[in-house]
$ cat protein.pdb   # PDB, C-alpha atoms, pLDDT in the B column
ATOM      1  CA  MET V 115      10.165 136.256 179.993  1.00 39.00           C
ATOM      2  CA  LYS V 116      10.674 138.839 177.261  1.00 49.00           C
ATOM      3  CA  LYS V 117       7.905 139.641 174.827  1.00 49.00           C
ATOM      4  CA  ASN V 118       7.774 137.190 171.875  1.00 51.00           C
ATOM      5  CA  SER V 119      10.507 135.086 173.482  1.00 63.00           C
ATOM      6  CA  ILE V 120      10.453 131.371 172.778  1.00 74.00           C
ATOM      7  CA  LYS V 121       9.817 129.141 175.769  1.00 76.00           C
ATOM      8  CA  GLU V 122      11.473 125.763 176.087  1.00 78.00           C
ATOM      9  CA  SER V 123       8.148 124.072 175.334  1.00 76.00           C
ATOM     10  CA  ASP V 124       7.965 125.892 172.005  1.00 81.00           C
ATOM     11  CA  TYR V 125      11.368 124.780 170.735  1.00 84.00           C
ATOM     12  CA  GLN V 126      10.114 121.297 169.980  1.00 85.00           C
ATOM     13  CA  LYS V 127       6.868 122.666 168.544  1.00 89.00           C
ATOM     14  CA  TYR V 128       8.623 124.922 166.026  1.00 91.00           C
ATOM     15  CA  TYR V 129      11.831 122.905 165.763  1.00 91.00           C
ATOM     16  CA  ARG V 130      11.545 122.186 162.044  1.00 92.00           C
ATOM     17  CA  GLN V 131      11.176 125.912 161.353  1.00 92.00           C
ATOM     18  CA  LEU V 132      13.871 126.911 163.812  1.00 91.00           C
ATOM     19  CA  ILE V 133      16.539 124.775 162.104  1.00 93.00           C
ATOM     20  CA  LEU V 134      15.988 126.567 158.806  1.00 95.00           C
ATOM     21  CA  LYS V 135      18.723 129.128 158.211  1.00 94.00           C
ATOM     22  CA  LYS V 136      16.272 131.687 156.852  1.00 94.00           C
ATOM     23  CA  ILE V 137      14.134 131.429 159.998  1.00 94.00           C
ATOM     24  CA  GLY V 138      15.960 130.325 163.133  1.00 94.00           C
ATOM     25  CA  VAL V 139      15.165 131.769 166.575  1.00 92.00           C
ATOM     26  CA  VAL V 140      15.257 135.353 165.305  1.00 94.00           C
ATOM     27  CA  GLY V 141      12.813 134.572 162.509  1.00 95.00           C
ATOM     28  CA  GLN V 142      10.468 132.657 164.768  1.00 94.00           C
ATOM     29  CA  LYS V 143      10.352 135.627 167.132  1.00 93.00           C
ATOM     30  CA  LYS V 144       9.325 137.785 164.165  1.00 95.00           C
ATOM     31  CA  ILE V 145       6.541 135.325 163.370  1.00 96.00           C
ATOM     32  CA  LEU V 146       5.381 135.380 166.996  1.00 94.00           C
ATOM     33  CA  GLY V 147       5.185 139.176 166.715  1.00 95.00           C
ATOM     34  CA  GLY V 148       3.323 139.136 163.388  1.00 97.00           C
ATOM     35  CA  LYS V 149      -0.012 140.942 163.043  1.00 98.00           C
ATOM     36  CA  VAL V 150      -2.164 139.621 160.203  1.00 98.00           C
ATOM     37  CA  LEU V 151      -5.767 140.337 159.258  1.00 98.00           C
ATOM     38  CA  VAL V 152      -7.754 137.793 157.246  1.00 98.00           C
ATOM     39  CA  VAL V 153     -10.791 139.202 155.445  1.00 98.00           C
ATOM     40  CA  GLY V 154     -13.089 136.309 154.602  1.00 97.00           C
ATOM     41  CA  ALA V 155     -13.158 133.009 156.511  1.00 98.00           C
ATOM     42  CA  GLY V 156     -14.254 130.951 153.527  1.00 97.00           C
ATOM     43  CA  GLY V 157     -12.527 128.515 151.201  1.00 96.00           C
ATOM     44  CA  LEU V 158      -9.392 130.681 151.062  1.00 97.00           C
ATOM     45  CA  GLY V 159      -9.476 131.987 154.618  1.00 98.00           C
ATOM     46  CA  CYS V 160      -9.809 128.602 156.329  1.00 98.00           C
ATOM     47  CA  PRO V 161      -6.494 127.038 155.172  1.00 98.00           C
ATOM     48  CA  LEU V 162      -4.847 130.445 155.470  1.00 98.00           C
ATOM     49  CA  ILE V 163      -5.918 130.818 159.096  1.00 98.00           C
ATOM     50  CA  LEU V 164      -4.841 127.243 159.879  1.00 98.00           C
ATOM     51  CA  TYR V 165      -1.299 127.704 158.574  1.00 98.00           C
ATOM     52  CA  LEU V 166      -0.908 131.104 160.220  1.00 98.00           C
ATOM     53  CA  ALA V 167      -1.871 129.522 163.534  1.00 98.00           C
ATOM     54  CA  TYR V 168       0.367 126.480 163.113  1.00 97.00           C
ATOM     55  CA  SER V 169       3.286 128.723 162.095  1.00 96.00           C
ATOM     56  CA  GLY V 170       2.890 130.695 165.326  1.00 95.00           C
ATOM     57  CA  VAL V 171       1.718 134.096 164.040  1.00 97.00           C
ATOM     58  CA  GLY V 172       1.068 135.966 167.284  1.00 96.00           C
ATOM     59  CA  SER V 173      -1.905 138.162 166.368  1.00 98.00           C
ATOM     60  CA  ILE V 174      -4.631 137.187 163.904  1.00 98.00           C
ATOM     61  CA  GLY V 175      -7.732 139.193 163.014  1.00 98.00           C
ATOM     62  CA  ILE V 176     -10.660 137.565 161.208  1.00 98.00           C
ATOM     63  CA  VAL V 177     -13.407 139.468 159.362  1.00 98.00           C
ATOM     64  CA  ASP V 178     -16.573 137.730 158.148  1.00 98.00           C
ATOM     65  CA  ASN V 179     -20.306 138.187 158.664  1.00 97.00           C
ATOM     66  CA  ASP V 180     -21.520 134.860 157.257  1.00 97.00           C
ATOM     67  CA  LYS V 181     -22.877 131.814 159.029  1.00 98.00           C
ATOM     68  CA  ILE V 182     -21.753 128.304 158.137  1.00 98.00           C
ATOM     69  CA  GLU V 183     -23.893 126.477 155.578  1.00 97.00           C
ATOM     70  CA  LEU V 184     -23.846 122.870 154.394  1.00 97.00           C
ATOM     71  CA  SER V 185     -22.411 123.890 151.009  1.00 94.00           C
ATOM     72  CA  ASN V 186     -19.352 125.363 152.780  1.00 95.00           C
ATOM     73  CA  LEU V 187     -18.184 122.091 154.277  1.00 96.00           C
ATOM     74  CA  SER V 188     -16.633 120.638 151.106  1.00 93.00           C
ATOM     75  CA  ARG V 189     -13.825 123.197 151.074  1.00 94.00           C
ATOM     76  CA  GLN V 190     -13.911 125.330 154.260  1.00 97.00           C
ATOM     77  CA  VAL V 191     -11.723 123.061 156.346  1.00 97.00           C
ATOM     78  CA  LEU V 192     -12.151 124.778 159.728  1.00 97.00           C
ATOM     79  CA  PHE V 193     -15.806 123.750 159.930  1.00 98.00           C
ATOM     80  CA  THR V 194     -17.805 120.550 160.460  1.00 97.00           C
ATOM     81  CA  LYS V 195     -21.474 119.613 160.340  1.00 97.00           C
ATOM     82  CA  ASN V 196     -21.731 120.456 164.039  1.00 98.00           C
ATOM     83  CA  ASP V 197     -20.964 124.092 163.175  1.00 98.00           C
ATOM     84  CA  LEU V 198     -23.908 124.655 160.814  1.00 98.00           C
ATOM     85  CA  GLY V 199     -25.700 127.918 161.546  1.00 98.00           C
ATOM     86  CA  LYS V 200     -22.837 129.345 163.621  1.00 98.00           C
ATOM     87  CA  PHE V 201     -20.854 132.441 162.667  1.00 98.00           C
ATOM     88  CA  LYS V 202     -17.643 131.618 160.832  1.00 98.00           C
ATOM     89  CA  THR V 203     -15.682 134.086 162.944  1.00 98.00           C
ATOM     90  CA  ASN V 204     -16.634 132.419 166.234  1.00 98.00           C
ATOM     91  CA  VAL V 205     -15.809 128.915 165.022  1.00 98.00           C
ATOM     92  CA  SER V 206     -12.551 130.112 163.428  1.00 98.00           C
ATOM     93  CA  LYS V 207     -11.444 131.737 166.673  1.00 98.00           C
ATOM     94  CA  LYS V 208     -12.105 128.542 168.626  1.00 98.00           C
ATOM     95  CA  ALA V 209     -10.097 126.548 166.060  1.00 98.00           C
ATOM     96  CA  VAL V 210      -7.102 128.889 166.380  1.00 98.00           C
ATOM     97  CA  THR V 211      -7.299 128.771 170.170  1.00 97.00           C
ATOM     98  CA  ARG V 212      -7.274 124.974 170.098  1.00 97.00           C
ATOM     99  CA  ILE V 213      -4.073 125.092 168.038  1.00 96.00           C
ATOM    100  CA  ASN V 214      -2.341 127.715 170.160  1.00 94.00           C
ATOM    101  CA  ARG V 215      -3.849 129.511 173.151  1.00 94.00           C
ATOM    102  CA  LYS V 216      -1.059 132.098 173.047  1.00 93.00           C
ATOM    103  CA  ILE V 217      -2.297 133.571 169.765  1.00 97.00           C
ATOM    104  CA  LYS V 218      -4.296 136.774 170.138  1.00 98.00           C
ATOM    105  CA  VAL V 219      -7.388 136.360 167.990  1.00 98.00           C
ATOM    106  CA  LYS V 220      -9.729 139.273 167.360  1.00 98.00           C
ATOM    107  CA  ILE V 221     -12.882 138.707 165.356  1.00 98.00           C
ATOM    108  CA  PHE V 222     -15.061 141.166 163.458  1.00 98.00           C
ATOM    109  CA  THR V 223     -18.447 139.622 162.692  1.00 98.00           C
ATOM    110  CA  LYS V 224     -19.485 142.217 160.169  1.00 96.00           C
ATOM    111  CA  ARG V 225     -19.168 143.092 156.506  1.00 95.00           C
ATOM    112  CA  LEU V 226     -16.241 145.370 155.693  1.00 96.00           C
ATOM    113  CA  ASP V 227     -17.339 148.752 154.340  1.00 96.00           C
ATOM    114  CA  THR V 228     -16.228 152.383 154.123  1.00 96.00           C
ATOM    115  CA  SER V 229     -17.506 153.146 157.617  1.00 97.00           C
ATOM    116  CA  ASN V 230     -15.482 150.496 159.459  1.00 97.00           C
ATOM    117  CA  ILE V 231     -12.492 149.594 157.296  1.00 98.00           C
ATOM    118  CA  GLY V 232     -10.152 152.093 158.950  1.00 97.00           C
ATOM    119  CA  LYS V 233     -10.925 150.940 162.469  1.00 97.00           C
ATOM    120  CA  ILE V 234     -10.570 147.245 161.575  1.00 98.00           C
ATOM    121  CA  LEU V 235      -7.454 147.329 159.376  1.00 98.00           C
ATOM    122  CA  ARG V 236      -5.343 149.986 161.080  1.00 95.00           C
ATOM    123  CA  ASN V 237      -3.709 147.725 163.696  1.00 95.00           C
ATOM    124  CA  TYR V 238      -2.522 145.055 161.240  1.00 98.00           C
ATOM    125  CA  ASN V 239       0.615 145.174 159.093  1.00 95.00           C
ATOM    126  CA  ILE V 240      -0.404 142.497 156.602  1.00 98.00           C
ATOM    127  CA  ILE V 241      -3.883 142.250 155.085  1.00 98.00           C
ATOM    128  CA  CYS V 242      -5.069 139.031 153.428  1.00 98.00           C
ATOM    129  CA  ASP V 243      -8.030 139.374 151.095  1.00 98.00           C
ATOM    130  CA  GLY V 244     -10.095 136.230 150.615  1.00 96.00           C
ATOM    131  CA  THR V 245     -13.359 137.933 149.679  1.00 95.00           C
ATOM    132  CA  ASP V 246     -15.524 136.811 146.780  1.00 89.00           C
ATOM    133  CA  ASN V 247     -16.616 140.118 145.243  1.00 91.00           C
ATOM    134  CA  PHE V 248     -14.933 142.966 143.390  1.00 91.00           C
ATOM    135  CA  LYS V 249     -16.458 145.706 145.538  1.00 92.00           C
ATOM    136  CA  SER V 250     -14.732 144.397 148.669  1.00 94.00           C
ATOM    137  CA  ARG V 251     -11.444 143.746 146.865  1.00 94.00           C
ATOM    138  CA  LEU V 252     -11.281 147.290 145.526  1.00 94.00           C
ATOM    139  CA  LEU V 253     -12.232 148.749 148.908  1.00 96.00           C
ATOM    140  CA  ILE V 254      -9.445 146.789 150.640  1.00 97.00           C
ATOM    141  CA  ASN V 255      -6.978 147.606 147.885  1.00 96.00           C
ATOM    142  CA  ASP V 256      -7.620 151.351 148.066  1.00 95.00           C
ATOM    143  CA  TYR V 257      -7.222 151.434 151.839  1.00 97.00           C
ATOM    144  CA  CYS V 258      -3.977 149.444 151.709  1.00 97.00           C
ATOM    145  CA  VAL V 259      -2.529 151.730 149.024  1.00 96.00           C
ATOM    146  CA  LYS V 260      -3.367 154.848 151.011  1.00 95.00           C
ATOM    147  CA  ASN V 261      -1.974 153.440 154.270  1.00 96.00           C
ATOM    148  CA  LYS V 262       1.030 151.614 152.778  1.00 96.00           C
ATOM    149  CA  LYS V 263       0.002 148.161 153.964  1.00 97.00           C
ATOM    150  CA  ILE V 264       1.083 144.797 152.589  1.00 97.00           C
ATOM    151  CA  LEU V 265      -1.861 143.235 150.737  1.00 98.00           C
ATOM    152  CA  ILE V 266      -1.969 139.562 149.794  1.00 98.00           C
ATOM    153  CA  SER V 267      -5.044 138.818 147.732  1.00 96.00           C
ATOM    154  CA  SER V 268      -6.308 135.616 146.159  1.00 96.00           C
ATOM    155  CA  ALA V 269      -9.263 134.582 144.037  1.00 94.00           C
ATOM    156  CA  ILE V 270     -10.485 131.222 142.752  1.00 95.00           C
ATOM    157  CA  SER V 271     -13.098 130.041 140.281  1.00 92.00           C
ATOM    158  CA  LYS V 272     -13.722 126.668 138.658  1.00 93.00           C
ATOM    159  CA  PHE V 273     -10.183 125.242 138.243  1.00 95.00           C
ATOM    160  CA  ASP V 274      -8.269 128.532 138.130  1.00 95.00           C
ATOM    161  CA  GLY V 275      -6.635 130.611 140.834  1.00 96.00           C
ATOM    162  CA  GLN V 276      -4.927 133.984 141.122  1.00 95.00           C
ATOM    163  CA  LEU V 277      -2.569 135.263 143.779  1.00 97.00           C
ATOM    164  CA  PHE V 278      -1.581 138.927 144.104  1.00 96.00           C
ATOM    165  CA  TYR V 279       1.150 140.343 146.324  1.00 96.00           C
ATOM    166  CA  PHE V 280       1.400 144.094 146.914  1.00 96.00           C
ATOM    167  CA  ASP V 281       3.835 145.802 149.257  1.00 96.00           C
ATOM    168  CA  PHE V 282       2.485 149.325 149.059  1.00 95.00           C
ATOM    169  CA  ARG V 283       5.467 150.722 150.915  1.00 93.00           C
ATOM    170  CA  LYS V 284       7.012 150.575 147.453  1.00 92.00           C
ATOM    171  CA  LYS V 285       6.008 152.194 144.183  1.00 90.00           C
ATOM    172  CA  ILE V 286       4.100 149.411 142.420  1.00 92.00           C
ATOM    173  CA  PRO V 287       0.814 148.885 140.540  1.00 93.00           C
ATOM    174  CA  CYS V 288      -2.274 148.040 142.587  1.00 93.00           C
ATOM    175  CA  TYR V 289      -5.293 145.779 142.165  1.00 92.00           C
ATOM    176  CA  ARG V 290      -7.266 148.667 140.654  1.00 90.00           C
ATOM    177  CA  CYS V 291      -4.641 148.907 137.900  1.00 90.00           C
ATOM    178  CA  PHE V 292      -5.581 145.311 137.053  1.00 85.00           C
ATOM    179  CA  MET V 293      -9.330 145.742 137.595  1.00 81.00           C
ATOM    180  CA  PRO V 294     -10.097 149.506 137.426  1.00 72.00           C
ATOM    181  CA  GLU V 295     -13.826 149.409 138.108  1.00 68.00           C
ATOM    182  CA  LEU V 296     -16.471 147.051 139.409  1.00 61.00           C
ATOM    183  CA  SER V 297     -17.193 144.182 137.053  1.00 57.00           C
ATOM    184  CA  GLU V 298     -20.780 143.876 135.867  1.00 49.00           C
ATOM    185  CA  GLU V 299     -20.479 140.123 136.434  1.00 54.00           C
ATOM    186  CA  ASN V 300     -19.614 139.294 140.029  1.00 54.00           C
ATOM    187  CA  ARG V 301     -18.351 135.780 139.316  1.00 56.00           C
ATOM    188  CA  ASN V 302     -17.587 133.644 142.355  1.00 59.00           C
ATOM    189  CA  CYS V 303     -17.616 130.059 143.601  1.00 59.00           C
ATOM    190  CA  GLU V 304     -21.376 130.109 144.133  1.00 66.00           C
ATOM    191  CA  SER V 305     -22.119 131.055 140.532  1.00 67.00           C
ATOM    192  CA  ASP V 306     -19.278 129.256 138.728  1.00 79.00           C
ATOM    193  CA  GLY V 307     -18.352 126.370 141.017  1.00 86.00           C
ATOM    194  CA  VAL V 308     -14.857 125.535 142.260  1.00 91.00           C
ATOM    195  CA  MET V 309     -12.631 122.494 142.656  1.00 92.00           C
ATOM    196  CA  THR V 310     -12.311 121.752 146.382  1.00 93.00           C
ATOM    197  CA  THR V 311      -8.537 121.318 146.391  1.00 95.00           C
ATOM    198  CA  LEU V 312      -8.019 124.650 144.609  1.00 95.00           C
ATOM    199  CA  ALA V 313      -9.167 126.535 147.718  1.00 95.00           C
ATOM    200  CA  GLY V 314      -6.566 124.702 149.783  1.00 96.00           C
ATOM    201  CA  ILE V 315      -3.807 125.451 147.288  1.00 96.00           C
ATOM    202  CA  ALA V 316      -4.625 129.162 147.075  1.00 97.00           C
ATOM    203  CA  GLY V 317      -5.122 129.655 150.806  1.00 97.00           C
ATOM    204  CA  SER V 318      -1.862 127.857 151.590  1.00 97.00           C
ATOM    205  CA  MET V 319      -0.035 130.027 149.066  1.00 97.00           C
ATOM    206  CA  GLN V 320      -1.396 133.138 150.769  1.00 98.00           C
ATOM    207  CA  ALA V 321      -0.122 131.859 154.123  1.00 98.00           C
ATOM    208  CA  ASN V 322       3.281 131.205 152.565  1.00 97.00           C
ATOM    209  CA  GLU V 323       3.476 134.792 151.324  1.00 97.00           C
ATOM    210  CA  VAL V 324       2.507 136.068 154.789  1.00 98.00           C
ATOM    211  CA  ILE V 325       5.365 134.196 156.467  1.00 98.00           C
ATOM    212  CA  LYS V 326       7.828 135.404 153.826  1.00 97.00           C
ATOM    213  CA  SER V 327       6.658 138.979 154.441  1.00 97.00           C
ATOM    214  CA  ILE V 328       7.053 138.704 158.200  1.00 97.00           C
ATOM    215  CA  LEU V 329      10.572 137.337 157.718  1.00 97.00           C
ATOM    216  CA  ASN V 330      11.428 140.104 155.215  1.00 95.00           C
ATOM    217  CA  ILE V 331      12.447 137.541 152.605  1.00 94.00           C
ATOM    218  CA  LYS V 332      12.915 139.112 149.177  1.00 90.00           C
ATOM    219  CA  ASN V 333       9.749 138.609 147.170  1.00 90.00           C
ATOM    220  CA  ASP V 334       9.799 138.350 143.397  1.00 91.00           C
ATOM    221  CA  LEU V 335       5.995 138.328 143.343  1.00 94.00           C
ATOM    222  CA  ASN V 336       5.626 141.954 144.460  1.00 95.00           C
ATOM    223  CA  GLY V 337       3.475 143.855 141.977  1.00 92.00           C
ATOM    224  CA  LYS V 338       2.768 140.683 140.010  1.00 93.00           C
ATOM    225  CA  ILE V 339       0.019 138.110 139.698  1.00 94.00           C
ATOM    226  CA  MET V 340       0.513 134.369 140.010  1.00 96.00           C
ATOM    227  CA  ILE V 341      -1.951 132.506 137.796  1.00 96.00           C
ATOM    228  CA  PHE V 342      -2.397 128.773 138.302  1.00 97.00           C
ATOM    229  CA  ASN V 343      -4.611 125.938 137.155  1.00 95.00           C
ATOM    230  CA  SER V 344      -5.438 122.932 139.325  1.00 94.00           C
ATOM    231  CA  LEU V 345      -5.964 120.578 136.379  1.00 94.00           C
ATOM    232  CA  ASN V 346      -2.722 121.031 134.456  1.00 94.00           C
ATOM    233  CA  SER V 347      -0.628 122.214 137.443  1.00 92.00           C
ATOM    234  CA  ASN V 348       0.540 125.171 135.394  1.00 93.00           C
ATOM    235  CA  PHE V 349       1.862 128.182 137.355  1.00 95.00           C
ATOM    236  CA  ARG V 350       2.946 131.431 135.738  1.00 95.00           C
ATOM    237  CA  LYS V 351       3.785 134.943 136.925  1.00 95.00           C
ATOM    238  CA  VAL V 352       2.538 137.996 135.076  1.00 94.00           C
ATOM    239  CA  LYS V 353       3.953 141.453 135.778  1.00 93.00           C
ATOM    240  CA  LEU V 354       1.271 144.059 136.353  1.00 92.00           C
ATOM    241  CA  SER V 355       1.582 147.457 134.726  1.00 90.00           C
ATOM    242  CA  LYS V 356       0.509 150.757 136.189  1.00 87.00           C
ATOM    243  CA  ASN V 357      -2.712 152.023 134.726  1.00 85.00           C
ATOM    244  CA  PRO V 358      -2.225 155.762 134.019  1.00 83.00           C
ATOM    245  CA  LYS V 359      -5.926 156.277 134.742  1.00 78.00           C
ATOM    246  CA  CYS V 360      -5.830 154.490 138.093  1.00 84.00           C
ATOM    247  CA  LYS V 361      -7.425 156.658 140.802  1.00 78.00           C
ATOM    248  CA  ASN V 362      -4.697 155.584 143.239  1.00 77.00           C
ATOM    249  CA  ASN V 363      -1.772 156.870 141.172  1.00 68.00           C
ATOM    250  CA  TYR V 364      -1.330 159.939 143.326  1.00 52.00           C
ATOM    251  CA  LEU V 365      -0.951 157.656 146.355  1.00 56.00           C
ATOM    252  CA  HIS V 366       1.843 155.580 144.788  1.00 46.00           C
ATOM    253  CA  VAL V 367       4.786 157.376 146.342  1.00 42.00           C
TER
END
$ encode --input "protein.pdb" --output "C-alpha cells"
Amino acid sequence: MKKNSIKESDYQKYYRQLILKKIGVVGQKKILGGKVLVVGAGGLGCPLILYLAYSGVGSIGIVDNDKIELSNLSRQVLFTKNDLGKFKTNVSKKAVTRINRKIKVKIFTKRLDTSNIGKILRNYNIICDGTDNFKSRLLINDYCVKNKKILISSAISKFDGQLFYFDFRKKIPCYRCFMPELSEENRNCESDGVMTTLAGIAGSMQANEVIKSILNIKNDLNGKIMIFNSLNSNFRKVKLSKNPKCKNNYLHV
C-alpha cells in the first residue's frame, strides 16, 4: 500500500468528501498527508482538533501546558468531568486516536517560548494559533513570517470573534502589522467572558481554512481579518495594511 493511499475501508468513511469535485481521491490523499500544529487546546483548539481528525488530516501536533478545569467544560468540547485535573494534551491525543488510529499525534505539554518554538514548529506546514494572550500570538507570528509558514489565527471574547489567515510564502501584512506591540490589557475569555457557541464557530472556521490550505484552494482571506459577531450573525472581511514600522518588514519577501 502506497503512502497516504486510501484503503477500501476509508472510501465509505470519507465518501461525502470524496464525491466533491474540489476534493476527490487526489484531495483526500493531500489531507491524509497534511501536517498541522495546533497551539492551544482550549475553546478554539478543541473543535479545531475534532474537525481535523474527522477530515483525516494525517499528522496533528498539539501544544498546551494547562490541565483541565471545571470552567473549561462549557466550551472545550473534547473534555468531560472525568478529565478534570488531566493535561489537555493527553486527553486531546486520546480523543484523536479514538476517532482515527491512523493519525500521527504528537503532543507538547509545555508553554511555547523562544527557546522551544523552532523545535516544535519546524516540522509542520500549517500553524493554528488558538492562544489567549498577545505575547504568544506575536511570538508565533514572528516565527511563521521568518520561516514562511501558513498561520491561521483566531481570537474570541464576549460575543465577538476574529479569524486571521496568513500565507507567509507571499508578500502580505502580518499579525504584528495589526497589533505591533504587546497590549497593556491582556483581554481573554477568563477576564471578559465568552459565549459558548462562539468558540465552536471560530474553531470550526479555523479547521475549514486548514483544509482549504491543504487542498490549495484559492483563499480570498489571505492577509485579511474576518470579524464576526455571534449575536447578530454579522460577518465582514477587513483587508490588513502593512505597517511601515513593522519589525518583520525585512522578512516579507
$ residues_around --input "protein.pdb" --residues "Lys326 (chain V)" --least-positions-apart "5" --cutoff "12 Å" --atoms "all atoms listed in the file" --output "ChimeraX atom specification"
/V:136-137,141-142,144-145,148,166,169,171,240,264,266,279,319-321,331-336
$ axis_aligned_box --input "protein.pdb" --around "region 278-293 of chain V" --padding-each-side "6 Å" --output "JSON"
{"center_x": -1.2, "center_y": 145.6, "center_z": 144.0, "size_x": 28.3, "size_y": 25.3, "size_z": 25.9}
$ closest_residue --input "protein.pdb" --among "V:Lys127, V:Lys338, V:Arg189, V:Lys272" --to "Asp306 (chain V)" --atoms "all atoms listed in the file"
V:Lys272
$ atom_distance --input "protein.pdb" --atom1 "CA of Lys135 (chain V)" --atom2 "CA of Asn322 (chain V)"
16.6 Å
$ residues_around --input "protein.pdb" --residues "Lys208 (chain V)" --least-positions-apart "3" --cutoff "12 Å" --atoms "all atoms listed in the file" --output "ChimeraX atom specification"
/V:163-164,167,176,192-193,197,200-205,211-215,217-221
$ residues_around --input "protein.pdb" --residues "region 242-246 of chain V" --least-positions-apart "2" --cutoff "7 Å" --atoms "all atoms listed in the file" --output "PyMOL selection string"
chain V and resi 151-154+158-159+240+250-251+265-269+302
$ closest_residue --input "protein.pdb" --among "V:Leu277, V:Ile286, V:Leu162, V:Ile325" --to "Asn343 (chain V)" --atoms "all atoms listed in the file"
V:Leu277
$ resolve_selection --input "protein.pdb" --expression "the PyMOL selection byres ((chain V and resi 188) around 12)" --output "MDAnalysis selection string"
chainID V and resid 156:157 160 182:187 189:195 307:314
$ decode --input "protein.pdb" --residues "region 244-258 of chain V" --atoms "N, CA and C atoms" --output "short mmCIF file (atom, residue, chain, number, x, y, z; two decimals), in the first residue's frame"
data_model
loop_
_atom_site.label_atom_id
_atom_site.label_comp_id
_atom_site.auth_asym_id
_atom_site.auth_seq_id
_atom_site.Cartn_x
_atom_site.Cartn_y
_atom_site.Cartn_z
N GLY V 244 -4.42 29.22 18.66
CA GLY V 244 -5.62 29.38 19.47
C GLY V 244 -5.27 29.82 20.87
N THR V 245 -4.17 30.56 21.00
CA THR V 245 -3.73 31.03 22.32
C THR V 245 -4.58 32.21 22.78
N ASP V 246 -4.44 32.55 24.05
CA ASP V 246 -5.29 33.60 24.62
C ASP V 246 -4.50 34.80 25.13
N ASN V 247 -3.29 35.00 24.58
CA ASN V 247 -2.50 36.16 25.02
C ASN V 247 -1.67 36.70 23.86
N PHE V 248 -1.44 38.00 23.88
CA PHE V 248 -0.75 38.67 22.78
C PHE V 248 0.71 38.26 22.67
N LYS V 249 1.35 37.98 23.79
CA LYS V 249 2.76 37.59 23.76
C LYS V 249 2.96 36.34 22.92
N SER V 250 2.11 35.34 23.13
CA SER V 250 2.22 34.09 22.37
C SER V 250 1.87 34.31 20.90
N ARG V 251 0.85 35.11 20.64
CA ARG V 251 0.43 35.35 19.25
C ARG V 251 1.54 36.03 18.45
N LEU V 252 2.20 37.01 19.07
CA LEU V 252 3.27 37.70 18.37
C LEU V 252 4.48 36.80 18.18
N LEU V 253 4.78 35.97 19.16
CA LEU V 253 5.88 35.02 19.06
C LEU V 253 5.65 34.06 17.89
N ILE V 254 4.44 33.50 17.81
CA ILE V 254 4.09 32.56 16.74
C ILE V 254 4.11 33.26 15.39
N ASN V 255 3.55 34.45 15.36
CA ASN V 255 3.53 35.24 14.12
C ASN V 255 4.93 35.47 13.58
N ASP V 256 5.83 35.93 14.44
CA ASP V 256 7.19 36.27 14.01
C ASP V 256 7.92 35.05 13.47
N TYR V 257 7.74 33.91 14.12
CA TYR V 257 8.39 32.69 13.65
C TYR V 257 7.84 32.28 12.28
N CYS V 258 6.53 32.36 12.12
CA CYS V 258 5.90 31.95 10.86
C CYS V 258 6.30 32.87 9.71
#
